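Structure file run02.pdb; described as PDB, C-alpha atoms.
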```pdb
ATOM      1  CA  MET A   1      -0.286   1.537  29.280
ATOM      2  CA  ARG A   2      -2.370   0.975  26.166
ATOM      3  CA  CYS A   3      -6.093   0.591  26.387
ATOM      4  CA  ARG A   4      -7.734  -2.780  25.825
ATOM      5  CA  ALA A   5      -9.258  -1.716  22.517
ATOM      6  CA  VAL A   6      -5.835  -0.984  21.033
ATOM      7  CA  ARG A   7      -4.397  -4.289  22.295
ATOM      8  CA  ARG A   8      -7.397  -6.149  20.891
ATOM      9  CA  ALA A   9      -7.053  -4.405  17.517
ATOM     10  CA  GLN A  10      -3.352  -5.288  17.422
ATOM     11  CA  ARG A  11      -4.129  -8.937  18.124
ATOM     12  CA  LEU A  12      -6.898  -8.977  15.522
ATOM     13  CA  LEU A  13      -4.911  -7.264  12.773
ATOM     14  CA  GLY A  14      -1.326  -8.290  13.409
ATOM     15  CA  ARG A  15       1.534  -6.613  11.585
ATOM     16  CA  ARG A  16       0.390  -7.426   8.072
ATOM     17  CA  GLY A  17      -3.206  -6.492   8.805
ATOM     18  CA  ALA A  18      -2.198  -3.140  10.267
ATOM     19  CA  PHE A  19      -0.186  -2.414   7.120
ATOM     20  CA  LEU A  20      -3.099  -3.399   4.895
ATOM     21  CA  LEU A  21      -5.529  -1.300   6.928
ATOM     22  CA  ILE A  22      -3.365   1.822   6.674
ATOM     23  CA  LEU A  23      -2.709   1.216   2.982
ATOM     24  CA  GLY A  24      -6.360   0.514   2.219
ATOM     25  CA  ILE A  25      -7.615   3.640   3.936
ATOM     26  CA  GLY A  26      -4.961   5.691   2.139
ATOM     27  CA  LYS A  27      -5.833   4.309  -1.289
ATOM     28  CA  THR A  28      -9.529   4.879  -0.689
ATOM     29  CA  CYS A  29      -8.912   8.487   0.369
ATOM     30  CA  TRP A  30      -6.634   9.042  -2.641
ATOM     31  CA  GLY A  31      -9.380   7.800  -4.960
ATOM     32  CA  VAL A  32     -12.020   9.961  -3.304
ATOM     33  CA  SER A  33      -9.746  12.981  -3.780
ATOM     34  CA  PHE A  34      -9.834  12.400  -7.546
ATOM     35  CA  ILE A  35     -13.623  12.657  -7.463
ATOM     36  CA  VAL A  36     -13.912  15.583  -5.044
ATOM     37  CA  ASP A  37     -11.132  17.736  -6.533
ATOM     38  CA  PRO A  38      -9.742  16.223  -9.758
ATOM     39  CA  PRO A  39      -5.988  16.815 -10.195
ATOM     40  CA  SER A  40      -4.118  17.640 -13.360
ATOM     41  CA  THR A  41      -4.023  14.685 -15.704
ATOM     42  CA  GLN A  42      -0.670  15.613 -17.216
ATOM     43  CA  GLY A  43       1.199  12.379 -17.924
ATOM     44  CA  LEU A  44      -1.922  10.229 -17.625
ATOM     45  CA  GLN A  45      -3.014  10.479 -21.271
ATOM     46  CA  LEU A  46      -2.892   6.696 -21.628
ATOM     47  CA  LEU A  47      -5.639   6.471 -19.006
ATOM     48  CA  THR A  48      -7.657   9.560 -19.883
ATOM     49  CA  ARG A  49      -7.994   8.432 -23.501
ATOM     50  CA  LEU A  50     -10.137   5.575 -22.186
ATOM     51  CA  CYS A  51     -12.196   7.540 -19.628
ATOM     52  CA  ASP A  52     -11.891  10.598 -17.409
ATOM     53  CA  ILE A  53      -9.942  10.760 -14.165
ATOM     54  CA  GLN A  54     -13.081  10.546 -12.008
ATOM     55  CA  HIS A  55     -13.739   7.074 -13.433
ATOM     56  CA  TRP A  56     -10.146   6.040 -12.754
ATOM     57  CA  ALA A  57     -10.673   7.178  -9.166
ATOM     58  CA  TRP A  58     -12.850   4.095  -8.698
ATOM     59  CA  LEU A  59      -9.805   1.895  -9.356
ATOM     60  CA  TRP A  60      -8.138   3.446  -6.290
ATOM     61  CA  ILE A  61     -11.333   3.305  -4.234
ATOM     62  CA  GLY A  62     -12.090  -0.318  -5.132
ATOM     63  CA  ALA A  63      -8.515  -1.411  -4.479
ATOM     64  CA  GLY A  64      -8.532   0.506  -1.211
ATOM     65  CA  LEU A  65     -11.724  -1.163  -0.025
ATOM     66  CA  ILE A  66     -10.442  -4.635  -0.937
ATOM     67  CA  THR A  67      -7.128  -3.888   0.792
ATOM     68  CA  THR A  68      -8.930  -2.606   3.893
ATOM     69  CA  ALA A  69     -11.209  -5.648   4.059
ATOM     70  CA  SER A  70      -8.214  -7.975   3.625
ATOM     71  CA  ALA A  71      -6.612  -6.470   6.723
ATOM     72  CA  PHE A  72      -9.057  -8.480   8.831
ATOM     73  CA  LEU A  73      -8.276 -11.821   7.176
ATOM     74  CA  LYS A  74      -5.809 -14.356   8.499
ATOM     75  CA  VAL A  75      -2.297 -14.548   7.098
ATOM     76  CA  GLY A  76      -2.372 -16.603   3.933
ATOM     77  CA  ARG A  77      -5.822 -15.318   3.056
ATOM     78  CA  ASP A  78      -4.770 -11.674   2.921
ATOM     79  CA  GLY A  79      -3.041 -12.043  -0.451
ATOM     80  CA  PHE A  80      -5.863 -10.413  -2.395
ATOM     81  CA  GLY A  81      -5.307  -7.293  -0.310
ATOM     82  CA  PHE A  82      -1.688  -7.066  -1.400
ATOM     83  CA  ILE A  83      -2.620  -7.763  -5.032
ATOM     84  CA  ALA A  84      -5.368  -5.133  -4.942
ATOM     85  CA  ALA A  85      -2.943  -2.657  -3.383
ATOM     86  CA  LEU A  86      -0.475  -3.215  -6.241
ATOM     87  CA  VAL A  87      -2.868  -2.561  -9.114
ATOM     88  CA  PRO A  88      -3.464   1.230  -8.989
ATOM     89  CA  PRO A  89       0.167   2.331  -8.531
ATOM     90  CA  ALA A  90       1.290  -0.144 -11.198
ATOM     91  CA  VAL A  91      -1.313   1.228 -13.635
ATOM     92  CA  TRP A  92      -0.255   4.801 -12.844
ATOM     93  CA  ALA A  93       3.435   3.915 -13.297
ATOM     94  CA  ILE A  94       2.698   2.349 -16.693
ATOM     95  CA  ALA A  95       0.740   5.448 -17.736
ATOM     96  CA  TYR A  96       3.577   7.771 -16.733
ATOM     97  CA  LEU A  97       6.198   5.608 -18.479
ATOM     98  CA  SER A  98       4.029   5.613 -21.582
ATOM     99  CA  ALA A  99       3.892   9.418 -21.441
ATOM    100  CA  VAL A 100       7.695   9.557 -21.233
ATOM    101  CA  ILE A 101       8.147   7.193 -24.177
ATOM    102  CA  GLY A 102       5.564   9.133 -26.198
ATOM    103  CA  GLY A 103       7.285  12.429 -25.406
ATOM    104  CA  GLU A 104       4.164  13.808 -23.723
ATOM    105  CA  TYR A 105       5.521  14.212 -20.188
ATOM    106  CA  SER A 106       9.258  14.087 -19.522
ATOM    107  CA  ARG A 107       8.805  14.310 -15.743
ATOM    108  CA  GLY A 108       6.814  11.067 -15.916
ATOM    109  CA  ALA A 109       9.947   8.939 -15.549
ATOM    110  CA  TRP A 110      10.500  10.319 -12.055
ATOM    111  CA  VAL A 111       6.853   9.950 -11.087
ATOM    112  CA  ALA A 112       6.828   6.367 -12.399
ATOM    113  CA  ALA A 113      10.010   5.601 -10.436
ATOM    114  CA  TRP A 114       8.325   7.028  -7.324
ATOM    115  CA  TYR A 115       5.231   4.823  -7.800
ATOM    116  CA  LEU A 116       7.386   1.761  -8.501
ATOM    117  CA  THR A 117       9.604   2.214  -5.451
ATOM    118  CA  SER A 118       7.500   3.828  -2.729
ATOM    119  CA  HIS A 119       4.308   2.009  -3.652
ATOM    120  CA  VAL A 120       4.880  -1.172  -5.618
ATOM    121  CA  GLY A 121       8.237  -1.982  -3.999
ATOM    122  CA  VAL A 122       7.025  -1.373  -0.455
ATOM    123  CA  ILE A 123       3.867  -3.430  -1.017
ATOM    124  CA  LEU A 124       5.866  -6.321  -2.476
ATOM    125  CA  TRP A 125       8.258  -6.175   0.481
ATOM    126  CA  ALA A 126       5.440  -6.004   3.058
ATOM    127  CA  SER A 127       3.714  -8.995   1.478
ATOM    128  CA  THR A 128       6.753 -11.111   2.396
ATOM    129  CA  VAL A 129       6.995  -9.945   6.017
ATOM    130  CA  PRO A 130       6.045 -12.798   8.327
ATOM    131  CA  GLU A 131       3.278 -12.207  10.833
ATOM    132  CA  TYR A 132       5.155 -13.415  13.887
ATOM    133  CA  ASP A 133       7.270 -11.000  15.880
ATOM    134  CA  VAL A 134      11.019 -10.939  15.716
ATOM    135  CA  PRO A 135      12.373 -13.111  18.539
ATOM    136  CA  PRO A 136      13.787 -11.253  21.537
ATOM    137  CA  ALA A 137      17.515 -10.661  21.699
ATOM    138  CA  PRO A 138      19.408 -13.504  23.391
ATOM    139  CA  ARG A 139      20.376 -13.052  27.026
ATOM    140  CA  LYS A 140      23.983 -12.456  27.857
ATOM    141  CA  ALA A 141      25.810 -15.618  28.753
ATOM    142  CA  ARG A 142      26.012 -16.178  32.484
ATOM    143  CA  ARG A 143      29.404 -16.200  34.089
ATOM    144  CA  VAL A 144      30.455 -19.574  35.300
ATOM    145  CA  GLU A 145      32.244 -19.426  38.632
ATOM    146  CA  GLY A 146      35.512 -21.236  38.958
ATOM    147  CA  GLY A 147      35.815 -21.716  35.267
TER     148      GLY A 147
END
```

Would you write out, as C-alpha cells, the structure that this file holds?
Amino acid sequence: MRCRAVRRAQRLLGRRGAFLLILGIGKTCWGVSFIVDPPSTQGLQLLTRLCDIQHWAWLWIGAGLITTASAFLKVGRDGFGFIAALVPPAVWAIAYLSAVIGGEYSRGAWVAAWYLTSHVGVILWASTVPEYDVPPAPRKARRVEGG
C-alpha cells in the first residue's frame, strides 16, 4: 500500500505533471553538470563561438526550472513546460548538425539524431498524452442461460 504523500503527489501532478517533473529535474541537473565539470565541446562550435559552455549551461538550467514549475500546473496550462523542455535539446541538435555539415565533427549526425529522437521526439509525444487514465478493459460478456 502506498503512503498518503505519494497518492497526494500523484493526484496533484497527474501523468503529464510527473513527466514534466522528472524531465525538469533532469534538465536542471544536466545544466549544473556543465558548470561543475564542463564536458568536451567537440561538435558544439556553433554554440561556443557565441559564449562558453558554462553560459550555455544556463539554457538547460532555466528550461529545467520552467519545466519543473510547469509540472504543478493544470493540463492546458502546462504547455510552457513542454516548450521549455524542447529548447535545449533542439539547440544542441542544431549545433551538432551544423558541425557535421561544416566537417568539424562527423559523429555529430548520430548525436543530433539521438537528441531529436530520445529528447525532442519523446517530449513532443508526451505533450499529446491525455491526462486521464486509460479506461479499464471491458468485462467479459456474461453467459445468458437458455440462449

| message | One number please: CA of Ala85 (chain A) to CA of Arg4 (chain A), in Å, one decimal. | response | 29.6 Å

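The residues returned by the PyMOL selection byres ((chain A and resi 69) around 10) on the shown structure are Gly17, Leu20, Leu21, Gly24, Ile25, Ala63, Gly64, Leu65, Ile66, Thr67, Thr68, Ser70, Ala71, Phe72, Leu73, Asp78, Phe80 and Gly81 of chain A.
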
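Candidate residues A:Ala109, A:Ile22, A:Leu47, A:Cys29 were compared for distance to Val91 (chain A), and the nearest is A:Leu47, using all atoms listed in the file.
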
| field | Selection near Asp52 (chain A), 12 Å with only C-alpha atoms, sequence-local residues under 2 positions removed, as a PyMOL selection string | value | chain A and resi 34-35+38-41+44-50+54-58

| message | For a quick check of understanding, using all atoms listed in the file, which of A:Gly121, A:Gly43, A:Pro130, A:Gly14 has the smallest distance to Tyr96 (chain A)? | response | A:Gly43

What are the nearest atom pairs, with distances in Å to one decimal, for all residues of region 14-104 of chain A that come at most 9 Å from region 110-119 of chain A, using all atoms listed in the file, set out by chain and rising residue number as JSON lines?
```
{"residue": "A:Ala85", "atom": "CA", "partner": "A:His119", "partner_atom": "CA", "distance": 8.6}
{"residue": "A:Leu86", "atom": "CA", "partner": "A:His119", "partner_atom": "CA", "distance": 7.5}
{"residue": "A:Pro89", "atom": "CA", "partner": "A:Tyr115", "partner_atom": "CA", "distance": 5.7}
{"residue": "A:Ala90", "atom": "CA", "partner": "A:Leu116", "partner_atom": "CA", "distance": 6.9}
{"residue": "A:Trp92", "atom": "CA", "partner": "A:Ala112", "partner_atom": "CA", "distance": 7.3}
{"residue": "A:Ala93", "atom": "CA", "partner": "A:Ala112", "partner_atom": "CA", "distance": 4.3}
{"residue": "A:Ile94", "atom": "CA", "partner": "A:Ala112", "partner_atom": "CA", "distance": 7.2}
{"residue": "A:Ala95", "atom": "CA", "partner": "A:Ala112", "partner_atom": "CA", "distance": 8.1}
{"residue": "A:Tyr96", "atom": "CA", "partner": "A:Ala112", "partner_atom": "CA", "distance": 5.6}
{"residue": "A:Leu97", "atom": "CA", "partner": "A:Ala112", "partner_atom": "CA", "distance": 6.2}
```

| message | Between CA of Glu131 (chain A) and CA of Arg15 (chain A), what is the distance in Å, rounded to a tenth? | response | 5.9 Å

| request: Tell me which of A:Gly62, A:Asp37, A:Arg16, A:Gly103 sits closest to Trp125 (chain A), counting all atoms listed in the file. | output: A:Arg16

Box dimensions and centre (Å, one decimal) enclosing region 71-89 of chain A, axis-aligned, 5 Å extra per side, as JSON:
```
{"center_x": -4.4, "center_y": -7.1, "center_z": -0.1, "size_x": 19.2, "size_y": 28.9, "size_z": 27.9}
```

| message | Would you compute the distance between CA of Val129 (chain A) and CA of Trp60 (chain A)? Give it in Å to one decimal. | response | 23.7 Å

| request: Check the smallest atom-to-atom distance from each of A:Val32, A:Ala99, A:Val75, A:Ile123 to Ile61 (chain A) using only C-alpha atoms, then report the winner. | output: A:Val32
